[in-house]
>>> print(open('entry18.json').read())   # JSON, C-alpha atoms and all ligand atoms
[["chain", "number", "residue", "atom", "x", "y", "z"],
["H", 530, "MET", "CA", 56.83, 16.19, 109.29],
["H", 531, "ASP", "CA", 59.63, 18.67, 108.89],
["H", 532, "MET", "CA", 59.25, 21.25, 111.64],
["H", 533, "ARG", "CA", 62.17, 23.48, 110.80],
["H", 534, "PRO", "CA", 61.21, 27.16, 110.69],
["H", 535, "ARG", "CA", 59.88, 28.42, 107.37],
["H", 536, "SER", "CA", 60.12, 32.13, 108.03],
["H", 537, "HIS", "CA", 63.92, 32.32, 107.82],
["H", 538, "PRO", "CA", 65.51, 33.68, 104.61],
["H", 539, "THR", "CA", 67.38, 30.40, 104.18],
["H", 540, "TYR", "CA", 64.04, 28.62, 103.75],
["H", 541, "LEU", "CA", 63.17, 31.01, 100.94],
["H", 542, "ALA", "CA", 66.64, 30.36, 99.49],
["H", 543, "PHE", "CA", 65.93, 26.62, 99.59],
["H", 544, "VAL", "CA", 62.61, 27.08, 97.77],
["H", 545, "VAL", "CA", 64.16, 29.34, 95.11],
["H", 546, "HIS", "CA", 66.99, 26.85, 94.61],
["H", 547, "ARG", "CA", 64.57, 23.96, 94.27],
["H", 548, "VAL", "CA", 62.16, 25.71, 91.90],
["H", 549, "SER", "CA", 64.98, 27.13, 89.74],
["H", 550, "GLY", "CA", 66.68, 23.71, 89.60],
["H", 551, "LEU", "CA", 63.40, 22.04, 88.66],
["H", 552, "LEU", "CA", 62.62, 24.50, 85.86],
["H", 553, "LEU", "CA", 66.19, 24.42, 84.53],
["H", 554, "ALA", "CA", 66.22, 20.62, 84.52],
["H", 555, "LEU", "CA", 62.93, 20.54, 82.58],
["H", 556, "PHE", "CA", 64.16, 23.18, 80.14],
["H", 557, "LEU", "CA", 67.53, 21.51, 79.51],
["H", 558, "PRO", "CA", 66.37, 18.68, 77.17],
["H", 559, "LEU", "CA", 64.29, 21.19, 75.15],
["H", 560, "HIS", "CA", 67.24, 23.55, 74.89],
["H", 561, "PHE", "CA", 69.60, 20.80, 73.72],
["H", 562, "TRP", "CA", 67.04, 19.34, 71.33],
["H", 563, "ALA", "CA", 66.18, 22.68, 69.74],
["H", 564, "LEU", "CA", 69.82, 23.66, 69.38],
["H", 565, "GLY", "CA", 70.85, 20.25, 68.06],
["H", 566, "THR", "CA", 68.11, 20.37, 65.43],
["H", 567, "ALA", "CA", 68.65, 24.00, 64.44],
["H", 568, "ILE", "CA", 72.39, 23.47, 64.02],
["H", 569, "SER", "CA", 71.95, 21.15, 61.03],
["H", 570, "GLY", "CA", 72.66, 24.11, 58.75],
["H", 571, "GLU", "CA", 73.56, 27.77, 58.95],
["H", 572, "ALA", "CA", 70.31, 28.89, 57.28],
["H", 573, "ARG", "CA", 68.26, 26.75, 59.60],
["H", 574, "LEU", "CA", 70.07, 28.11, 62.66],
["H", 575, "ASP", "CA", 69.48, 31.67, 61.44],
["H", 576, "GLY", "CA", 65.80, 30.84, 61.03],
["H", 577, "PHE", "CA", 65.66, 29.64, 64.62],
["H", 578, "LEU", "CA", 67.54, 32.71, 65.88],
["H", 579, "ARG", "CA", 65.15, 34.99, 63.97],
["H", 580, "TRP", "CA", 62.19, 33.21, 65.53],
["H", 581, "ALA", "CA", 63.80, 33.79, 68.94],
["H", 582, "GLU", "CA", 63.77, 37.54, 68.28],
["H", 583, "ASN", "CA", 60.12, 37.86, 69.30],
["H", 584, "PRO", "CA", 59.46, 39.64, 72.61],
["H", 585, "LEU", "CA", 57.94, 36.58, 74.24],
["H", 586, "ALA", "CA", 61.05, 34.50, 73.56],
["H", 587, "LYS", "CA", 63.23, 37.31, 74.88],
["H", 588, "ALA", "CA", 61.16, 37.55, 78.05],
["H", 589, "ALA", "CA", 61.46, 33.78, 78.52],
["H", 590, "GLU", "CA", 65.22, 33.96, 77.93],
["H", 591, "THR", "CA", 65.56, 36.70, 80.52],
["H", 592, "ILE", "CA", 63.69, 34.60, 83.07],
["H", 593, "LEU", "CA", 65.93, 31.62, 82.25],
["H", 594, "VAL", "CA", 69.07, 33.72, 82.67],
["H", 595, "ILE", "CA", 67.81, 34.91, 86.08],
["H", 596, "LEU", "CA", 66.89, 31.35, 87.12],
["H", 597, "LEU", "CA", 70.33, 30.11, 86.08],
["H", 598, "ALA", "CA", 72.14, 32.91, 87.90],
["H", 599, "ALA", "CA", 69.96, 32.43, 90.99],
["H", 600, "HIS", "CA", 70.59, 28.69, 91.00],
["H", 601, "LEU", "CA", 74.32, 29.28, 90.49],
["H", 602, "ALA", "CA", 74.65, 31.81, 93.31],
["H", 603, "GLY", "CA", 72.37, 29.80, 95.63],
["H", 604, "GLY", "CA", 74.26, 26.60, 94.75],
["H", 605, "LEU", "CA", 77.56, 28.25, 95.64],
["H", 606, "ARG", "CA", 76.03, 29.19, 99.00],
["H", 607, "VAL", "CA", 75.10, 25.54, 99.63],
["H", 608, "LEU", "CA", 78.58, 24.35, 98.59],
["H", 609, "ALA", "CA", 80.26, 26.96, 100.82],
["H", 610, "LEU", "CA", 78.10, 25.77, 103.70],
["H", 611, "GLU", "CA", 78.81, 22.08, 103.08],
["H", 612, "PHE", "CA", 82.47, 22.11, 102.16],
["H", 613, "LEU", "CA", 83.89, 25.24, 103.74],
["H", 614, "GLY", "CA", 81.65, 25.25, 106.78],
["H", 615, "TRP", "CA", 80.65, 28.87, 106.27],
["H", 616, "ARG", "CA", 77.77, 28.83, 108.72],
["H", 617, "SER", "CA", 77.67, 32.41, 109.84],
["H", 618, "ARG", "CA", 76.04, 35.32, 108.00],
["H", 619, "GLN", "CA", 73.72, 33.06, 106.02],
["H", 620, "LYS", "CA", 71.21, 35.88, 105.65],
["H", 621, "ASP", "CA", 73.86, 38.03, 103.98],
["H", 622, "MET", "CA", 74.81, 35.18, 101.65],
["H", 623, "VAL", "CA", 71.17, 34.69, 100.66],
["H", 624, "ALA", "CA", 70.88, 38.42, 99.96],
["H", 625, "ALA", "CA", 74.11, 38.38, 97.93],
["H", 626, "SER", "CA", 72.84, 35.42, 95.85],
["H", 627, "ALA", "CA", 69.61, 37.24, 95.08],
["H", 628, "GLY", "CA", 71.55, 40.39, 94.18],
["H", 629, "ILE", "CA", 73.85, 38.50, 91.79],
["H", 630, "ALA", "CA", 70.90, 36.84, 90.05],
["H", 631, "LEU", "CA", 69.07, 40.12, 89.49],
["H", 632, "LEU", "CA", 72.24, 41.86, 88.35],
["H", 633, "VAL", "CA", 72.97, 39.19, 85.73],
["H", 634, "GLY", "CA", 69.35, 39.37, 84.55],
["H", 635, "LEU", "CA", 69.57, 43.14, 84.23],
["H", 636, "VAL", "CA", 72.84, 43.02, 82.28],
["H", 637, "PHE", "CA", 71.27, 40.48, 79.92],
["H", 638, "LEU", "CA", 68.18, 42.64, 79.41],
["H", 639, "LEU", "CA", 70.23, 45.76, 78.76],
["H", 640, "ASN", "CA", 72.30, 43.91, 76.17],
["H", 641, "VAL", "CA", 69.47, 42.06, 74.44],
["H", 642, "VAL", "CA", 66.97, 44.89, 73.88],
["P", 577, "MET", "CA", 68.59, 19.89, 104.20],
["P", 578, "SER", "CA", 71.33, 18.22, 102.23],
["P", 579, "ALA", "CA", 73.36, 16.94, 105.15],
["P", 580, "THR", "CA", 70.50, 14.69, 106.19],
["P", 581, "ARG", "CA", 70.61, 12.98, 102.81],
["P", 582, "GLN", "CA", 74.04, 11.63, 103.59],
["P", 583, "PRO", "CA", 73.55, 8.24, 105.20],
["P", 584, "ALA", "CA", 74.88, 7.76, 108.73],
["P", 585, "SER", "CA", 76.92, 4.70, 109.73],
["P", 586, "THR", "CA", 75.56, 1.60, 108.04],
["P", 587, "LYS", "CA", 77.17, -0.95, 110.36],
["P", 588, "GLY", "CA", 74.82, -3.77, 111.25],
["P", 589, "VAL", "CA", 72.24, -2.75, 108.71],
["P", 590, "ASN", "CA", 71.20, -5.48, 106.31],
["P", 591, "ARG", "CA", 72.85, -5.79, 102.97],
["P", 592, "SER", "CA", 70.24, -4.22, 100.73],
["P", 593, "HIS", "CA", 70.02, -1.22, 103.00],
["P", 594, "ARG", "CA", 73.76, -0.89, 102.87],
["P", 595, "THR", "CA", 73.75, -1.04, 99.08],
["P", 596, "ARG", "CA", 71.01, 1.60, 98.94],
["P", 597, "ALA", "CA", 72.93, 3.80, 101.32],
["P", 598, "ARG", "CA", 76.04, 3.48, 99.21],
["P", 599, "ALA", "CA", 74.11, 4.36, 96.06],
["P", 600, "GLN", "CA", 72.72, 7.42, 97.84],
["P", 601, "THR", "CA", 76.21, 8.54, 98.79],
["P", 602, "HIS", "CA", 77.46, 8.03, 95.24],
["P", 603, "LEU", "CA", 74.63, 10.12, 93.85],
["P", 604, "TRP", "CA", 75.29, 12.82, 96.46],
["P", 605, "VAL", "CA", 78.98, 12.92, 95.47],
["P", 606, "VAL", "CA", 78.19, 13.01, 91.73],
["P", 607, "GLN", "CA", 75.76, 15.87, 92.31],
["P", 608, "ARG", "CA", 78.35, 17.90, 94.26],
["P", 609, "VAL", "CA", 81.18, 17.24, 91.81],
["P", 610, "THR", "CA", 78.97, 18.18, 88.85],
["P", 611, "ALA", "CA", 77.78, 21.26, 90.79],
["P", 612, "MET", "CA", 81.40, 22.44, 91.08],
["P", 613, "LEU", "CA", 82.04, 21.82, 87.38],
["P", 614, "LEU", "CA", 78.80, 23.60, 86.49],
["P", 615, "ALA", "CA", 79.69, 26.57, 88.68],
["P", 616, "LEU", "CA", 82.67, 27.23, 86.41],
["P", 617, "ALA", "CA", 80.91, 26.30, 83.17],
["P", 618, "VAL", "CA", 77.83, 28.41, 83.92],
["P", 619, "VAL", "CA", 79.90, 31.51, 84.66],
["P", 620, "VAL", "CA", 81.62, 31.07, 81.27],
["P", 621, "HIS", "CA", 78.22, 30.41, 79.65],
["P", 622, "LEU", "CA", 76.53, 33.46, 81.20],
["P", 623, "VAL", "CA", 79.41, 35.80, 80.28],
["P", 624, "MET", "CA", 79.30, 34.36, 76.75],
["P", 625, "ILE", "CA", 75.52, 34.88, 76.55],
["P", 626, "VAL", "CA", 75.39, 38.46, 77.75],
["P", 627, "THR", "CA", 78.29, 39.50, 75.51],
["P", 628, "ALA", "CA", 77.14, 37.53, 72.43],
["P", 629, "VAL", "CA", 73.60, 38.94, 72.43],
["P", 630, "ARG", "CA", 74.93, 42.48, 71.95],
["P", 631, "GLY", "CA", 73.82, 43.60, 68.52],
["P", 632, "GLY", "CA", 71.88, 40.38, 67.90],
["P", 633, "LEU", "CA", 72.88, 36.77, 67.34],
["P", 634, "SER", "CA", 73.69, 35.26, 63.98],
["P", 635, "ALA", "CA", 74.51, 31.71, 62.97],
["P", 636, "ALA", "CA", 77.69, 32.88, 61.24],
["P", 637, "GLU", "CA", 78.87, 34.59, 64.40],
["P", 638, "ILE", "CA", 78.23, 31.55, 66.61],
["P", 639, "LEU", "CA", 79.69, 29.05, 64.15],
["P", 640, "SER", "CA", 82.82, 31.11, 63.52],
["P", 641, "ARG", "CA", 83.62, 30.65, 67.20],
["P", 642, "THR", "CA", 82.81, 26.95, 67.44],
["P", 643, "ARG", "CA", 83.60, 25.35, 64.02],
["P", 644, "GLY", "CA", 86.68, 23.16, 64.23],
["P", 645, "ASN", "CA", 87.45, 24.40, 67.72],
["P", 646, "GLU", "CA", 88.35, 21.44, 69.95],
["P", 647, "ALA", "CA", 88.45, 23.54, 73.11],
["P", 648, "TRP", "CA", 84.82, 24.64, 72.76],
["P", 649, "LEU", "CA", 83.79, 21.10, 71.80],
["P", 650, "ALA", "CA", 85.42, 19.70, 74.96],
["P", 651, "PHE", "CA", 83.83, 22.48, 77.01],
["P", 652, "TYR", "CA", 80.31, 21.83, 75.68],
["P", 653, "VAL", "CA", 80.57, 18.04, 75.95],
["P", 654, "THR", "CA", 81.72, 18.25, 79.58],
["P", 655, "PHE", "CA", 79.08, 20.89, 80.28],
["P", 656, "ALA", "CA", 76.31, 18.73, 78.76],
["P", 657, "LEU", "CA", 77.33, 15.63, 80.72],
["P", 658, "ALA", "CA", 77.59, 17.51, 84.01],
["P", 659, "ALA", "CA", 74.26, 19.32, 83.52],
["P", 660, "GLY", "CA", 72.41, 16.18, 82.39],
["P", 661, "LEU", "CA", 73.56, 14.15, 85.40],
["P", 662, "HIS", "CA", 73.23, 16.99, 87.91],
["P", 663, "GLY", "CA", 69.71, 17.85, 86.77],
["P", 664, "ALA", "CA", 68.54, 14.23, 86.76],
["P", 665, "ILE", "CA", 69.87, 13.59, 90.28],
["P", 666, "GLY", "CA", 68.17, 16.81, 91.41],
["P", 667, "LEU", "CA", 64.86, 15.75, 89.87],
["P", 668, "ARG", "CA", 65.26, 12.35, 91.52],
["P", 669, "ASN", "CA", 65.69, 13.98, 94.93],
["P", 670, "ILE", "CA", 62.65, 16.18, 94.41],
["P", 671, "ALA", "CA", 60.48, 13.28, 93.17],
["P", 672, "SER", "CA", 61.61, 11.12, 96.06],
["P", 673, "GLU", "CA", 60.69, 13.76, 98.64],
["P", 674, "ALA", "CA", 57.58, 15.15, 97.00],
["P", 675, "ILE", "CA", 55.82, 12.08, 95.61],
["P", 676, "GLY", "CA", 57.75, 9.25, 97.28],
["P", 677, "LEU", "CA", 59.13, 7.98, 94.00],
["P", 678, "ARG", "CA", 62.22, 6.01, 95.03],
["P", 679, "GLY", "CA", 64.01, 2.69, 94.63],
["P", 680, "ARG", "CA", 66.47, 1.10, 92.29],
["P", 681, "GLY", "CA", 64.18, 1.18, 89.26],
["P", 682, "ALA", "CA", 63.47, 4.87, 89.72],
["P", 683, "ASP", "CA", 67.18, 5.61, 90.11],
["P", 684, "LEU", "CA", 67.98, 3.77, 86.89],
["P", 685, "ALA", "CA", 65.20, 5.64, 85.08],
["P", 686, "TRP", "CA", 66.57, 9.00, 86.27],
["P", 687, "LEU", "CA", 70.08, 8.01, 85.28],
["P", 688, "THR", "CA", 68.82, 7.11, 81.82],
["P", 689, "ALA", "CA", 66.97, 10.43, 81.56],
["P", 690, "GLY", "CA", 70.13, 12.28, 82.59],
["P", 691, "LEU", "CA", 72.33, 10.48, 80.07],
["P", 692, "LEU", "CA", 69.73, 10.93, 77.33],
["P", 693, "THR", "CA", 69.60, 14.66, 78.01],
["P", 694, "ALA", "CA", 73.41, 14.79, 77.97],
["P", 695, "GLY", "CA", 73.28, 12.91, 74.65],
["P", 696, "PHE", "CA", 71.06, 15.62, 73.13],
["P", 697, "GLY", "CA", 73.57, 18.19, 74.36],
["P", 698, "ILE", "CA", 76.53, 16.31, 72.91],
["P", 699, "ARG", "CA", 74.67, 16.05, 69.58],
["P", 700, "ALA", "CA", 74.25, 19.84, 69.61],
["P", 701, "ALA", "CA", 77.92, 20.33, 70.56],
["P", 702, "ILE", "CA", 79.05, 18.16, 67.66],
["P", 703, "GLY", "CA", 76.76, 20.18, 65.38],
["P", 704, "LEU", "CA", 78.50, 23.36, 66.50],
["P", 705, "TYR", "CA", 81.92, 21.82, 65.92],
["P", 706, "ALA", "CA", 81.47, 19.97, 62.63],
["M", 801, "LIG", "C1", 75.30, 26.86, 87.97],
["M", 801, "LIG", "C2", 75.94, 25.88, 88.52],
["M", 801, "LIG", "C3", 75.20, 25.00, 89.47],
["M", 801, "LIG", "C4", 75.48, 24.86, 90.79],
["M", 801, "LIG", "C5", 76.64, 25.51, 91.57],
["M", 801, "LIG", "C6", 74.48, 23.96, 91.34],
["M", 801, "LIG", "C7", 74.45, 23.52, 92.63],
["M", 801, "LIG", "C8", 73.50, 22.71, 93.19],
["M", 801, "LIG", "C9", 73.53, 22.16, 94.51],
["M", 801, "LIG", "C10", 74.64, 22.37, 95.54],
["M", 801, "LIG", "C11", 72.40, 21.43, 94.69],
["M", 801, "LIG", "C12", 71.98, 20.67, 95.94],
["M", 801, "LIG", "C13", 71.07, 21.54, 96.76],
["M", 801, "LIG", "C14", 70.65, 20.89, 98.05],
["M", 801, "LIG", "O1", 70.71, 19.65, 98.17],
["M", 801, "LIG", "O2", 70.24, 21.64, 98.95],
["M", 801, "LIG", "C15", 71.64, 21.54, 93.46],
["M", 801, "LIG", "C16", 70.40, 20.98, 93.25],
["M", 801, "LIG", "C17", 69.75, 20.94, 92.03],
["M", 801, "LIG", "N1", 70.22, 21.44, 90.83],
["M", 801, "LIG", "FE1", 71.89, 22.53, 90.60],
["M", 801, "LIG", "N2", 73.61, 23.59, 90.35],
["M", 801, "LIG", "C18", 74.02, 24.19, 89.19],
["M", 801, "LIG", "C19", 73.44, 24.08, 87.93],
["M", 801, "LIG", "C20", 72.27, 23.37, 87.66],
["M", 801, "LIG", "C21", 71.69, 23.22, 86.34],
["M", 801, "LIG", "C22", 72.27, 23.76, 85.01],
["M", 801, "LIG", "C23", 70.54, 22.50, 86.52],
["M", 801, "LIG", "C24", 69.57, 22.05, 85.46],
["M", 801, "LIG", "C25", 69.86, 21.01, 84.73],
["M", 801, "LIG", "C26", 70.40, 22.19, 87.93],
["M", 801, "LIG", "C27", 69.38, 21.47, 88.51],
["M", 801, "LIG", "C28", 69.27, 21.16, 89.86],
["M", 801, "LIG", "C29", 68.16, 20.47, 90.47],
["M", 801, "LIG", "C30", 66.89, 19.96, 89.77],
["M", 801, "LIG", "C31", 68.46, 20.35, 91.83],
["M", 801, "LIG", "C32", 67.60, 19.71, 92.93],
["M", 801, "LIG", "C33", 67.02, 20.79, 93.80],
["M", 801, "LIG", "C34", 66.60, 20.29, 95.16],
["M", 801, "LIG", "O3", 66.87, 19.15, 95.54],
["M", 801, "LIG", "O4", 65.98, 21.09, 95.89],
["M", 801, "LIG", "N3", 71.48, 22.74, 88.60],
["M", 801, "LIG", "N4", 72.33, 22.32, 92.56]]
>>> encode(input="entry18.json", output="structure tokens", more="lines below")
Ligand code: HEM
Amino acid sequence: MDMRPRSHPTYLAFVVHRVSGLLLALFLPLHFWALGTAISGEARLDGFLRWAENPLAKAAETILVILLAAHLAGGLRVLALEFLGWRSRQKDMVAASAGIALLVGLVFLLNVV
Amino acid sequence: MSATRQPASTKGVNRSHRTRARAQTHLWVVQRVTAMLLALAVVVHLVMIVTAVRGGLSAAEILSRTRGNEAWLAFYVTFALAAGLHGAIGLRNIASEAIGLRGRGADLAWLTAGLLTAGFGIRAAIGLYA
């Protein structure tokens, strides 16, 4: 069993990275399929975009944007750790990743509503 | 975490173990290389998204950017391939740790799923271009 501490912020960062990656990977085929089907004509694409105007779709999109930004920022932290050997101030990097994700989500929300 | 997934020296280990270890390393490298590509592509994608949604999206607006534009086609095709492979390798790692799903057959199945997903994305990208 893995006995590494689970109370450290980097453990939370690992969980967020894993869950966001999992959800994004499950969403990806749906996203591509829906877009690929809707694109078969301009009218059809507009129909799809109009459907996506409903508040539930917008809420889901906002969550997806936050997941993507969180996975991006958290992924950059992992890459910096692995390839640049940035081992110090991991707590700060975790906090910065979370901040970036929420900021991107907020900008999206402000622009979409 | 990730460092432990990189196999240690495989000297003296039997052949099938060595082949497995090599496959693991290849997958690890592909996931990191695609992660770096995605880091760039996702920044472009996110900036695009938050600026495009201002004042609502329309098909005409999207298509006027992408129709006949080779640069966007190349961007989306690369993006789809990288995301499909990266996501599938990630799912493989999770399934292997969480439910013990591993082995050559599983790896081939994940690779197929990744390429299939990328194929859907490339189909969409061609739709945006043509
Ligand atoms: C935004 C650019 C991205 C970067 C920089 C990135 C980076 C990474 C890195 C470095 C890992 C390995 C984490 C580890 O082993 O600790 C990873 C895992 C993963 N990524 Fe990404 N990724 C990106 C985009 C995506 C996208 C678009 C998807 C969805 C298709 C995705 C799905 C996954 C999954 C499922 C995992 C496995 C998570 C785990 O093993 O805990 N990633 N990512």
>>> interface_residues(input="entry18.json", of="chain P", to="chain H", cutoff="10 Å", atoms="only C-alpha atoms", output="mmCIF file with C-alpha atoms, in the frame of the given file")
data_model
loop_
_atom_site.group_PDB
_atom_site.id
_atom_site.type_symbol
_atom_site.label_atom_id
_atom_site.label_comp_id
_atom_site.auth_asym_id
_atom_site.auth_seq_id
_atom_site.Cartn_x
_atom_site.Cartn_y
_atom_site.Cartn_z
ATOM 1 C CA MET P 577 68.590 19.890 104.200
ATOM 2 C CA SER P 578 71.330 18.220 102.230
ATOM 3 C CA ALA P 579 73.360 16.940 105.150
ATOM 4 C CA ARG P 608 78.350 17.900 94.260
ATOM 5 C CA ALA P 611 77.780 21.260 90.790
ATOM 6 C CA MET P 612 81.400 22.440 91.080
ATOM 7 C CA LEU P 614 78.800 23.600 86.490
ATOM 8 C CA ALA P 615 79.690 26.570 88.680
ATOM 9 C CA LEU P 616 82.670 27.230 86.410
ATOM 10 C CA VAL P 618 77.830 28.410 83.920
ATOM 11 C CA VAL P 619 79.900 31.510 84.660
ATOM 12 C CA LEU P 622 76.530 33.460 81.200
ATOM 13 C CA VAL P 623 79.410 35.800 80.280
ATOM 14 C CA ILE P 625 75.520 34.880 76.550
ATOM 15 C CA VAL P 626 75.390 38.460 77.750
ATOM 16 C CA THR P 627 78.290 39.500 75.510
ATOM 17 C CA ALA P 628 77.140 37.530 72.430
ATOM 18 C CA VAL P 629 73.600 38.940 72.430
ATOM 19 C CA ARG P 630 74.930 42.480 71.950
ATOM 20 C CA GLY P 631 73.820 43.600 68.520
ATOM 21 C CA GLY P 632 71.880 40.380 67.900
ATOM 22 C CA LEU P 633 72.880 36.770 67.340
ATOM 23 C CA SER P 634 73.690 35.260 63.980
ATOM 24 C CA ALA P 635 74.510 31.710 62.970
ATOM 25 C CA ALA P 636 77.690 32.880 61.240
ATOM 26 C CA ILE P 638 78.230 31.550 66.610
ATOM 27 C CA LEU P 639 79.690 29.050 64.150
ATOM 28 C CA ALA P 656 76.310 18.730 78.760
ATOM 29 C CA ALA P 659 74.260 19.320 83.520
ATOM 30 C CA GLY P 660 72.410 16.180 82.390
ATOM 31 C CA LEU P 661 73.560 14.150 85.400
ATOM 32 C CA HIS P 662 73.230 16.990 87.910
ATOM 33 C CA GLY P 663 69.710 17.850 86.770
ATOM 34 C CA ALA P 664 68.540 14.230 86.760
ATOM 35 C CA ILE P 665 69.870 13.590 90.280
ATOM 36 C CA GLY P 666 68.170 16.810 91.410
ATOM 37 C CA LEU P 667 64.860 15.750 89.870
ATOM 38 C CA ILE P 670 62.650 16.180 94.410
ATOM 39 C CA ALA P 689 66.970 10.430 81.560
ATOM 40 C CA GLY P 690 70.130 12.280 82.590
ATOM 41 C CA LEU P 692 69.730 10.930 77.330
ATOM 42 C CA THR P 693 69.600 14.660 78.010
ATOM 43 C CA ALA P 694 73.410 14.790 77.970
ATOM 44 C CA GLY P 695 73.280 12.910 74.650
ATOM 45 C CA PHE P 696 71.060 15.620 73.130
ATOM 46 C CA GLY P 697 73.570 18.190 74.360
ATOM 47 C CA ILE P 698 76.530 16.310 72.910
ATOM 48 C CA ARG P 699 74.670 16.050 69.580
ATOM 49 C CA ALA P 700 74.250 19.840 69.610
ATOM 50 C CA ALA P 701 77.920 20.330 70.560
ATOM 51 C CA ILE P 702 79.050 18.160 67.660
ATOM 52 C CA GLY P 703 76.760 20.180 65.380
ATOM 53 C CA LEU P 704 78.500 23.360 66.500
ATOM 54 C CA TYR P 705 81.920 21.820 65.920
ATOM 55 C CA ALA P 706 81.470 19.970 62.630
#
>>> closest_residue(input="entry18.json", among="H:Ser549, H:Thr591, H:Gln619, H:Ser536", to="ligand LIG 801 (chain M)", atoms="all atoms listed in the file")
H:Ser549
>>> axis_aligned_box(input="entry18.json", around="ligand LIG 801 (chain M)", padding_each_side="3 Å", output="AutoDock Vina command-line options")
--center_x 71.3 --center_y 23.0 --center_z 91.8 --size_x 16.7 --size_y 13.7 --size_z 20.2
>>> atom_distance(input="entry18.json", atom1="atom C16 of ligand LIG 801 (chain M)", atom2="CA of Thr610 in chain P")
10.0 Å
>>> closest_residue(input="entry18.json", among="P:His621, P:Arg594, P:Arg641, P:Arg680", to="ligand LIG 801 (chain M)", atoms="all atoms listed in the file")
P:His621
>>> closest_residue(input="entry18.json", among="H:Pro538, H:Gly614, H:Pro584, H:Gly603", to="ligand LIG 801 (chain M)", atoms="all atoms listed in the file")
H:Gly603
>>> atom_distance(input="entry18.json", atom1="atom C20 of ligand LIG 801 (chain M)", atom2="CA of Leu649 in chain P")
19.7 Å
>>> closest_residue(input="entry18.json", among="P:Leu603, P:Ala597, P:Leu613, P:Leu691", to="ligand LIG 801 (chain M)", atoms="only C-alpha atoms and all ligand atoms")
P:Leu613
